[in-house]
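Let me begin by presenting the structure, written as structure tokens, before commenting on it.
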Amino acid sequence: MKLKRLPVMMGIIIALLLVLSPLLSACGSKSTTNTTAPPVTTTSGSTTSSTTTISGSTTTGTTTATSSTTTSANLGVLKIGMMTPSTGPVPEKGVPGHDGLIDAIKYVNDELGGVQGHPIQVDWRDSEYNMQKVGTIVQDFINSGDILFTTHSSSEMKAAQAVANQQGFPGVVVFGSTMNLHPPYPASHIYSPTPDYGDDWVALAKYYKEHIYKGTGTPKIALHLLSGTVGQGTKDAADAMASSIGVQVVDIENHAITTTSEITSLTNIKAKNPDVLIISSTPAPTAVILRNAKDLGMTPGLTVMSTSAGFTAAVVDLTKDDPSVANGLYGVSHTVTWDDTVTGINKAKEYCQKYHPSDYGNMDYLGTWTTCLIIHQALIDAVKNAGYDTLAKGGANAWKAVEMQGIQKLTGYDAQGLQGGIISYTAGDNRLDDYLRIYQIQNSKITPIASWQEAPLIKYSVYGEK
Amino acid sequence: MDLPAGTRNFNYSQDMSIFRTGTQKILLVALFVFLLTAPLWFGNYWLTVANLTGIIIISVTGLNLLTGYCGQLSIGHAGFMAVGAYTSAVLTGQFHVPFLIAMVSGGLLAGAIGMIFGIPSLRVKGFYLAIATIAAQFIIIWIIQNWTPVTGGYSGLTVKPASIFGFDFVTPTSKFYLILAVTIIAIFAARNIARTRLGRAFIAIRDNDLAAEVMGINLFRYKLTAFFIGCFYAGVAGSLLAHTNLTVAYDYFPFTDSVLYIGMIIIGGLGTTIGPIFGVLFIQLLSVLVTKLSPALQASLPWLPSGFTTGIAPMLFGLVIVLFLIFEPRGMAHRWQLIKSSYRLWPFSY
């Protein structure tokens with residue numbers, strides 16, 4: 001092939017692939033233009049392009065959401081780094097996650113007075129769900145003087161945690177998996193505000209056996225797992241706990257995050273005649289599996305359950321076109337629903353409806369909102385115990401103070417009722433809350449069907465725990 | 001090589017030298033001084049970006065030898081990087097093999113596997129060969145995902161830091177020097193490969209494989225050699241990636257990266273040594289720019305859908321490639337060559 005033709009041919013292919021990908025991502029996103037949010041943004045006091053100081057009622061962007069009405073305006077800030085996969089294969093999680101953190105930090109700074117008067121400043125980055133990029137973003141956070149960082153997914157944290165742990169940079173993963181949290185501190189500086197995907201599986205398997213299963217003998221479970229940390233966390237728990245719970249895993253199928261058809265894998269599962277199918281995935285693949293299960297006649301009839309990563313508004317939306325696709329789906333979540341009447345949900349609703357109405361009902365939004373409240377409380381403890389100056393300097397001493405005097409001092413915090421348990425750190429367990437609740441989609445609504453239950457800490461031999 | 005007006009070669013040594021004139025040598029020294037002192041003013045973030053950029057330059061230089069010089073289209077290069085990364089991680093982690101041996105072994109295994117997937121190149125080319133190499137990407141990643149006892153499956157592996165003679169490369173600065181050294185060696189080797197009998201055979205195959213065969217070039221041998229060398233580079237790059245990130249997992253090597261690497265050599269300039277460097281630098285800096293700017297854009301354009309501005313990066317990449325194909329199909333390297341030529345011809349206009 002002549003040299004002139006080769007680049008033209010390759011260029012056309014690449015240009016098409018690259019140009020189409022964001023357009024498809026945009027189509028997949030549930031976000032719409034916010035017509036109610038007042039677009040008044042003033043940038044001040046920042047020399048970096050990625051840091052914006054927002055006054056008054058501003059909604060988006062990388063923020064230092066400071067209020068002109070609070071007394072905190074003249075005090076120094078506390079910088080934290082947050083990343084979400086807002087583009088790439090999972091914008092349906094990343095975009096509402098980003099919106100939730102923006103609104104929550106604004107709420108913290110505007111109405112809760114920041115951290116002892118010090119506003120929280122967020123260095124936000126889009127990870128693009130690109131694991132090579134995650135490493136540079138973490139280093140960017142470190143370089144920017146951030147005192148802790150968060151990721152919105154277990155995969156992002158898996159890519160970030162080696163560097164973070166090596167340097168002692170504390171991280172919080174909004175949706176955590178087993179390999180993020182095991183073994184716990186001091187080997188790991190990574191924390192989760194909630195139980196992990198392994199805990200989800202145990203809760204679902206137990207609930208099925210104790211409340212749904214009507215047969216005799218051992219219930220047969222099939223697993224449909226997202227390739228990666230989400231699915232692996234579920235599999236870890238199934239490997240470790242299936243026999244002690246008294247269930248049998250008859251088939252494990254994997255799917256990619258970009259899957260568009262799971263007819264073949266579901267046909268394999270159907271042949272094994274399981275009693276229940278547990279899906280551990282993000283919303284888009286979960287929707288594909290649910291649709292295909294209906295196409296194959298597996299549902300209604302087969303009990304289907306979902307772990308927390310996929311149990312969100314995007315799956316509920318499936319019922320709009322065909323209620324039978326997702327109605328009846330069981331799921332587990334670590335936060336309350338939007339219909340619960342707890343203190344914290346009112347503010348979340350208020351900010352969401354005001355600034356990001358398209359995220360209303362989204363569990364990712366609520367997940368990051370809750371995480372921000374917990375981080376806020378941890379930073380209050382850290383400032384009280386170690387002093388603002390220690391934290392403001394950044395670096396290893398600040399990280400240690402945030403971890404030892406903040407995160408590990410958390411005790412008795414209720415996160416405004418948004419989670420089931422009391423937020424506390426227990427030595428040897430990096431889950432800051434170990435409560436979760438079983439839900440079911442009924443009449444196109446996520447409805448709690450059980451009370452909050454504790455998820456006991458599981459020791460994973462695969463990660464060297466005894 | 002074009003020489004400045006008034007400069008001539010008088011012997012074979014001068015004719016073969018890469019850096020021929022005093023100006024070139026001074027600029028080379030200046031570049032080395034810049035690179036060696038970079039950690040003093042880069043800061044850890046930019047060092048981390050530079051480290052990733054260096055690793056990608058190594059990989060894309062290998063792809064350029066395969067695609068740019070030999071004309072064999074490969075869209076599975078990230079998969080070959082994965083082979084090198086896992087080989088090196090397993091050898092150092094489970095068999096306690098020294099890093100340098102593990103890195104070279106990673107390159108060798110990636111090269112060997114590349115040769116296997118290169119076998120169809122004798123029969124097919126263009127789109128058909130592209131499909132065959134795409135298969136390599138998916139097969140390699142599938143094996144990594146499912147060979148759990150060795151690769152750690154979906155969890156991946158924790159990797160030891162690179163270590164040479166007891167010195168651990170754990171800081172961004174030490175990693176920078178390690179990657180810089182390997183990158184310089186890789187580029188220098190690629191430059192020389194391109195000038196040897198091997199490189200000239202590659203170019204002959206690329207320009208017209210039938211004519212090359214008539215001239216006595218063994219197509220099978222040279223095409224497989226190109227695959228071996230190209231994938232060897234990818235394997236070495238993968239090894240460095242694993243040992244600098246301290247963890248390796250299948251999702252570090254997505255298919256989109258394989259596609260983007262092709263974009264990098266198009267933008268940089270196919271079939272030139274400097275092209276991959278330009279292409280990688282351009283795309284990496286564009287990516288950093290968008291990552292840094294998108295939050296500010298998001299804040300200043302609140303009427304846009306949430307997350308829209310972050311989608312600018314892939315759109316920009318696509319746009320840039322299209323614009324390069326229209327206005328500079330021979331890449332940034334050609335533009336650089338024109339600048340150098342005009343300087344060398346001075347004071348004459350042509």
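Each chain in the structure tokens gets a letter, A, B and so on, in the order shown; residues start at 1 in every chain, and ligands are counted from 1 in the order they appear.
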
From the DSSP assignment of the backbone, select every residue of stretch 143-301 of chain B that is strand (DSSP E or B), and format the answer as a compact mmCIF listing (two decimals) with C-alpha atoms, in the first residue's frame.
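Saved to states.txt:
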# COMPACT_ATOMS: atom_id res chain seq x y z
CA LEU B 157 -1.69 -7.60 39.91
CA THR B 158 0.27 -5.50 42.32
CA ALA B 162 11.46 -1.11 39.04
CA SER B 163 14.77 -1.91 40.67
CA ILE B 164 18.27 -1.95 39.20
CA PHE B 167 18.10 0.97 43.58
CA ASP B 168 14.30 1.21 43.62
CA PHE B 169 12.68 3.63 41.21
CA THR B 247 -0.32 -2.11 39.57
CA VAL B 248 -1.48 -3.62 36.33

Test item: residues at most 12 Å from A:Pro323, only C-alpha atoms, excluding those fewer than 6 positions along its chain, as a CSV table (one decimal) with C-alpha atoms, in the first residue's frame:
chain,number,residue,atom,x,y,z
A,290,LEU,CA,-32.7,-7.2,31.9
A,291,ARG,CA,-34.0,-6.6,28.4
A,294,LYS,CA,-37.2,-10.7,29.0
A,299,THR,CA,-38.5,-12.9,33.2
A,300,PRO,CA,-41.0,-12.7,34.6
A,315,VAL,CA,-32.7,0.9,35.5
A,316,VAL,CA,-36.0,2.3,36.8
A,317,ASP,CA,-36.4,4.2,33.6
A,329,LEU,CA,-36.1,-6.4,40.3
A,441,ILE,CA,-38.6,-1.8,42.0
A,442,GLN,CA,-42.4,-1.8,42.5
A,443,ASN,CA,-44.6,0.3,40.2
A,444,SER,CA,-41.6,1.9,38.7
A,445,LYS,CA,-40.3,3.1,42.0

TODO: For chain A, work out the contacting residues on chain B at 7 Å, counting only C-alpha atoms, and write them as a PyMOL selection string.
DONE: chain B and resi 44-45+48-49+71+154-155+206-208+245-247+251-252+259+263+266+291-293+295-296+298-300+302-307+310-311+314-315+317-318+321-322+325

Put those residues in a file: C-alpha atoms, as a PDB file, in the first residue's frame.
ATOM      1  CA  ASN B  44       5.594  15.817  40.401  1.00  0.00           C
ATOM      2  CA  TYR B  45       2.439  16.197  38.333  1.00  0.00           C
ATOM      3  CA  THR B  48       4.020  11.903  36.036  1.00  0.00           C
ATOM      4  CA  VAL B  49       2.631  13.199  32.752  1.00  0.00           C
ATOM      5  CA  GLY B  71       3.162  -0.469   6.080  1.00  0.00           C
ATOM      6  CA  TYR B 154     -10.135  -8.788  36.731  1.00  0.00           C
ATOM      7  CA  SER B 155      -8.379  -7.619  39.886  1.00  0.00           C
ATOM      8  CA  ARG B 206       5.503  -0.526   2.376  1.00  0.00           C
ATOM      9  CA  ASP B 207       5.859   1.252  -0.956  1.00  0.00           C
ATOM     10  CA  ASN B 208       5.230  -1.802  -3.146  1.00  0.00           C
ATOM     11  CA  ASN B 245       2.089   2.456  38.208  1.00  0.00           C
ATOM     12  CA  LEU B 246       2.818  -0.343  40.692  1.00  0.00           C
ATOM     13  CA  THR B 247      -0.317  -2.107  39.565  1.00  0.00           C
ATOM     14  CA  ASP B 251      -8.336  -2.097  31.694  1.00  0.00           C
ATOM     15  CA  TYR B 252      -5.036  -0.236  31.450  1.00  0.00           C
ATOM     16  CA  VAL B 259      -6.751   3.316  17.932  1.00  0.00           C
ATOM     17  CA  GLY B 263      -3.809   8.621  15.432  1.00  0.00           C
ATOM     18  CA  ILE B 266      -0.633  10.025  11.694  1.00  0.00           C
ATOM     19  CA  THR B 291      -8.511  17.885  31.508  1.00  0.00           C
ATOM     20  CA  LYS B 292      -7.348  21.107  33.061  1.00  0.00           C
ATOM     21  CA  LEU B 293      -9.651  23.381  31.090  1.00  0.00           C
ATOM     22  CA  PRO B 295     -13.766  22.266  34.763  1.00  0.00           C
ATOM     23  CA  ALA B 296     -13.338  25.954  34.024  1.00  0.00           C
ATOM     24  CA  GLN B 298     -18.035  23.773  32.736  1.00  0.00           C
ATOM     25  CA  ALA B 299     -18.223  26.615  35.213  1.00  0.00           C
ATOM     26  CA  SER B 300     -18.262  29.379  32.633  1.00  0.00           C
ATOM     27  CA  PRO B 302     -23.376  26.422  32.857  1.00  0.00           C
ATOM     28  CA  TRP B 303     -26.112  26.246  30.202  1.00  0.00           C
ATOM     29  CA  LEU B 304     -24.373  23.295  28.578  1.00  0.00           C
ATOM     30  CA  PRO B 305     -25.465  19.804  29.638  1.00  0.00           C
ATOM     31  CA  SER B 306     -23.503  18.563  32.610  1.00  0.00           C
ATOM     32  CA  GLY B 307     -20.427  16.693  31.454  1.00  0.00           C
ATOM     33  CA  THR B 310     -15.420  16.996  29.286  1.00  0.00           C
ATOM     34  CA  GLY B 311     -16.477  15.327  26.052  1.00  0.00           C
ATOM     35  CA  PRO B 314     -12.362  13.001  22.073  1.00  0.00           C
ATOM     36  CA  MET B 315     -14.041  15.460  19.726  1.00  0.00           C
ATOM     37  CA  PHE B 317      -8.778  14.383  18.874  1.00  0.00           C
ATOM     38  CA  GLY B 318     -11.054  13.486  15.992  1.00  0.00           C
ATOM     39  CA  ILE B 321      -6.783  14.114  12.951  1.00  0.00           C
ATOM     40  CA  VAL B 322      -9.172  15.207  10.219  1.00  0.00           C
ATOM     41  CA  LEU B 325      -5.222  14.715   7.013  1.00  0.00           C
TER      42      LEU B 325
END

Which of stretch 69-245 of chain B counts as helix (DSSP H, G or I) under DSSP, as a compact mmCIF listing (two decimals) with C-alpha atoms, in the first residue's frame please?
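The result, stored in selection-v6.txt:
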# COMPACT_ATOMS: atom_id res chain seq x y z
CA TYR B 69 8.00 2.08 7.85
CA HIS B 77 -0.82 -2.38 20.02
CA ALA B 78 -2.27 -1.84 23.50
CA GLY B 79 -2.76 -5.59 23.70
CA PHE B 80 0.93 -6.16 23.05
CA MET B 81 1.74 -3.63 25.74
CA ALA B 82 -0.39 -5.71 28.08
CA VAL B 83 1.69 -8.79 27.27
CA GLY B 84 4.88 -7.00 28.24
CA ALA B 85 3.32 -5.52 31.36
CA TYR B 86 2.01 -8.82 32.68
CA THR B 87 5.12 -10.77 31.74
CA SER B 88 7.30 -8.34 33.60
CA ALA B 89 4.92 -8.16 36.58
CA VAL B 90 4.73 -11.93 36.89
CA LEU B 91 8.48 -12.48 36.44
CA THR B 92 9.43 -9.91 39.07
CA GLY B 93 6.57 -10.68 41.44
CA GLN B 94 6.35 -14.45 41.36
CA PHE B 99 13.63 -5.90 36.58
CA LEU B 100 15.90 -5.40 33.58
CA ILE B 101 15.66 -9.06 32.57
CA ALA B 102 11.92 -9.00 33.16
CA MET B 103 11.51 -5.90 31.03
CA VAL B 104 13.46 -7.41 28.15
CA SER B 105 11.57 -10.68 28.59
CA GLY B 106 8.30 -8.77 28.42
CA GLY B 107 9.44 -7.25 25.16
CA LEU B 108 10.54 -10.59 23.77
CA LEU B 109 7.27 -12.33 24.61
CA ALA B 110 5.25 -9.45 23.21
CA GLY B 111 7.39 -9.62 20.08
CA ALA B 112 6.87 -13.37 19.78
CA ILE B 113 3.12 -13.05 20.17
CA GLY B 114 3.17 -10.17 17.73
CA MET B 115 4.81 -12.45 15.18
CA ILE B 116 2.01 -14.97 15.60
CA PHE B 117 -0.59 -12.35 14.86
CA GLY B 118 1.59 -11.02 12.08
CA ILE B 119 1.49 -14.27 10.12
CA PRO B 120 -1.71 -13.25 8.30
CA SER B 121 0.17 -10.21 6.99
CA LEU B 122 1.65 -12.33 4.23
CA PHE B 127 -8.41 -3.34 6.30
CA TYR B 128 -8.10 -7.12 6.50
CA LEU B 129 -4.84 -7.00 8.41
CA ALA B 130 -6.34 -4.34 10.67
CA ILE B 131 -9.11 -6.74 11.60
CA ALA B 132 -6.57 -9.50 12.30
CA THR B 133 -4.65 -7.24 14.68
CA ILE B 134 -7.85 -6.09 16.37
CA ALA B 135 -8.41 -9.75 17.12
CA ALA B 136 -5.03 -9.79 18.87
CA GLN B 137 -6.16 -7.02 21.18
CA PHE B 138 -9.33 -8.84 22.20
CA ILE B 139 -7.77 -12.29 22.48
CA ILE B 140 -4.91 -11.04 24.65
CA ILE B 141 -7.23 -9.11 26.96
CA TRP B 142 -9.60 -12.08 27.21
CA ILE B 143 -6.74 -14.34 28.24
CA ILE B 144 -5.61 -11.82 30.83
CA GLN B 145 -9.12 -11.58 32.24
CA ASN B 146 -9.56 -15.31 32.53
CA THR B 148 -6.68 -15.65 36.97
CA PRO B 149 -3.97 -17.71 38.76
CA VAL B 150 -1.28 -15.95 36.76
CA THR B 151 -2.75 -12.59 35.83
CA GLY B 153 -8.04 -11.90 36.50
CA TYR B 154 -10.13 -8.79 36.73
CA SER B 155 -8.38 -7.62 39.89
CA PRO B 172 8.47 10.39 40.09
CA THR B 173 11.97 11.78 39.52
CA SER B 174 13.72 8.42 39.56
CA LYS B 175 11.01 6.95 37.34
CA PHE B 176 11.50 9.87 34.97
CA TYR B 177 15.19 9.14 34.53
CA LEU B 178 14.55 5.44 34.03
CA ILE B 179 11.90 6.05 31.39
CA LEU B 180 13.98 8.77 29.77
CA ALA B 181 16.93 6.41 29.41
CA VAL B 182 14.84 3.65 27.88
CA THR B 183 13.07 6.12 25.59
CA ILE B 184 16.35 7.53 24.28
CA ILE B 185 17.67 4.04 23.62
CA ALA B 186 14.42 3.07 21.88
CA ILE B 187 14.41 6.16 19.64
CA PHE B 188 18.08 5.83 18.81
CA ALA B 189 17.59 2.16 17.94
CA ALA B 190 14.57 2.96 15.80
CA ARG B 191 16.49 5.66 13.96
CA ASN B 192 19.25 3.22 13.16
CA ILE B 193 16.92 0.36 12.24
CA ALA B 194 15.34 2.66 9.70
CA ARG B 195 18.75 3.27 8.07
CA ARG B 197 19.16 -2.97 5.29
CA LEU B 198 16.25 -4.01 7.46
CA GLY B 199 14.70 -0.56 7.47
CA ARG B 200 15.16 -0.13 3.76
CA ALA B 201 13.48 -3.50 3.22
CA PHE B 202 10.59 -2.31 5.39
CA ILE B 203 10.21 0.81 3.26
CA ALA B 204 10.37 -1.20 0.06
CA ILE B 205 7.61 -3.49 1.34
CA ARG B 206 5.50 -0.53 2.38
CA ASP B 207 5.86 1.25 -0.96
CA ASP B 209 5.44 -5.26 -1.71
CA LEU B 210 5.35 -7.00 -5.09
CA ALA B 211 8.25 -4.94 -6.37
CA ALA B 212 10.09 -5.61 -3.12
CA GLU B 213 9.63 -9.35 -3.52
CA VAL B 214 10.85 -9.18 -7.11
CA LEU B 219 8.29 -10.65 2.51
CA PHE B 220 7.38 -13.24 5.12
CA ARG B 221 10.61 -12.82 7.01
CA TYR B 222 10.66 -9.04 6.93
CA LYS B 223 7.01 -8.58 7.76
CA LEU B 224 7.32 -10.89 10.75
CA THR B 225 10.49 -9.09 11.78
CA ALA B 226 8.58 -5.82 11.66
CA PHE B 227 5.88 -7.30 13.86
CA PHE B 228 8.48 -8.61 16.27
CA ILE B 229 10.30 -5.31 16.58
CA GLY B 230 7.13 -3.24 16.80
CA CYS B 231 5.64 -5.48 19.47
CA PHE B 232 8.95 -5.73 21.33
CA TYR B 233 8.80 -1.96 21.78
CA ALA B 234 5.20 -2.27 23.00
CA GLY B 235 6.20 -4.96 25.47
CA VAL B 236 9.01 -2.85 26.91
CA ALA B 237 6.63 0.10 27.21
CA GLY B 238 4.07 -2.10 28.95
CA SER B 239 6.69 -3.32 31.39
CA LEU B 240 7.63 0.25 32.27
CA LEU B 241 3.97 1.15 32.69
CA ALA B 242 3.42 -1.70 35.12
CA HIS B 243 6.49 -0.95 37.20
CA THR B 244 5.81 2.77 37.42
CA ASN B 245 2.09 2.46 38.21

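When the distance limit is 7 Å and only C-alpha atoms are what count, the residues near B:Thr53, minus those fewer than 4 positions from it on the same chain, are Val49, Ile57, Val280, Leu281 and Gln284 of chain B.
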
TODO: Find, counting only C-alpha atoms, the residue in A:Gly114, A:Leu181, A:Ala256, A:Gly344 that gets nearest to B:Tyr250.
DONE: A:Ala256

Open item on the list: Please report the interatomic distance between atom CA of B:Gly43 and atom CA of A:Pro170 in Å with one decimal.
Closed with: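 Answer for the atom CA of B:Gly43 to atom CA of A:Pro170 separation: 20.5 Å.
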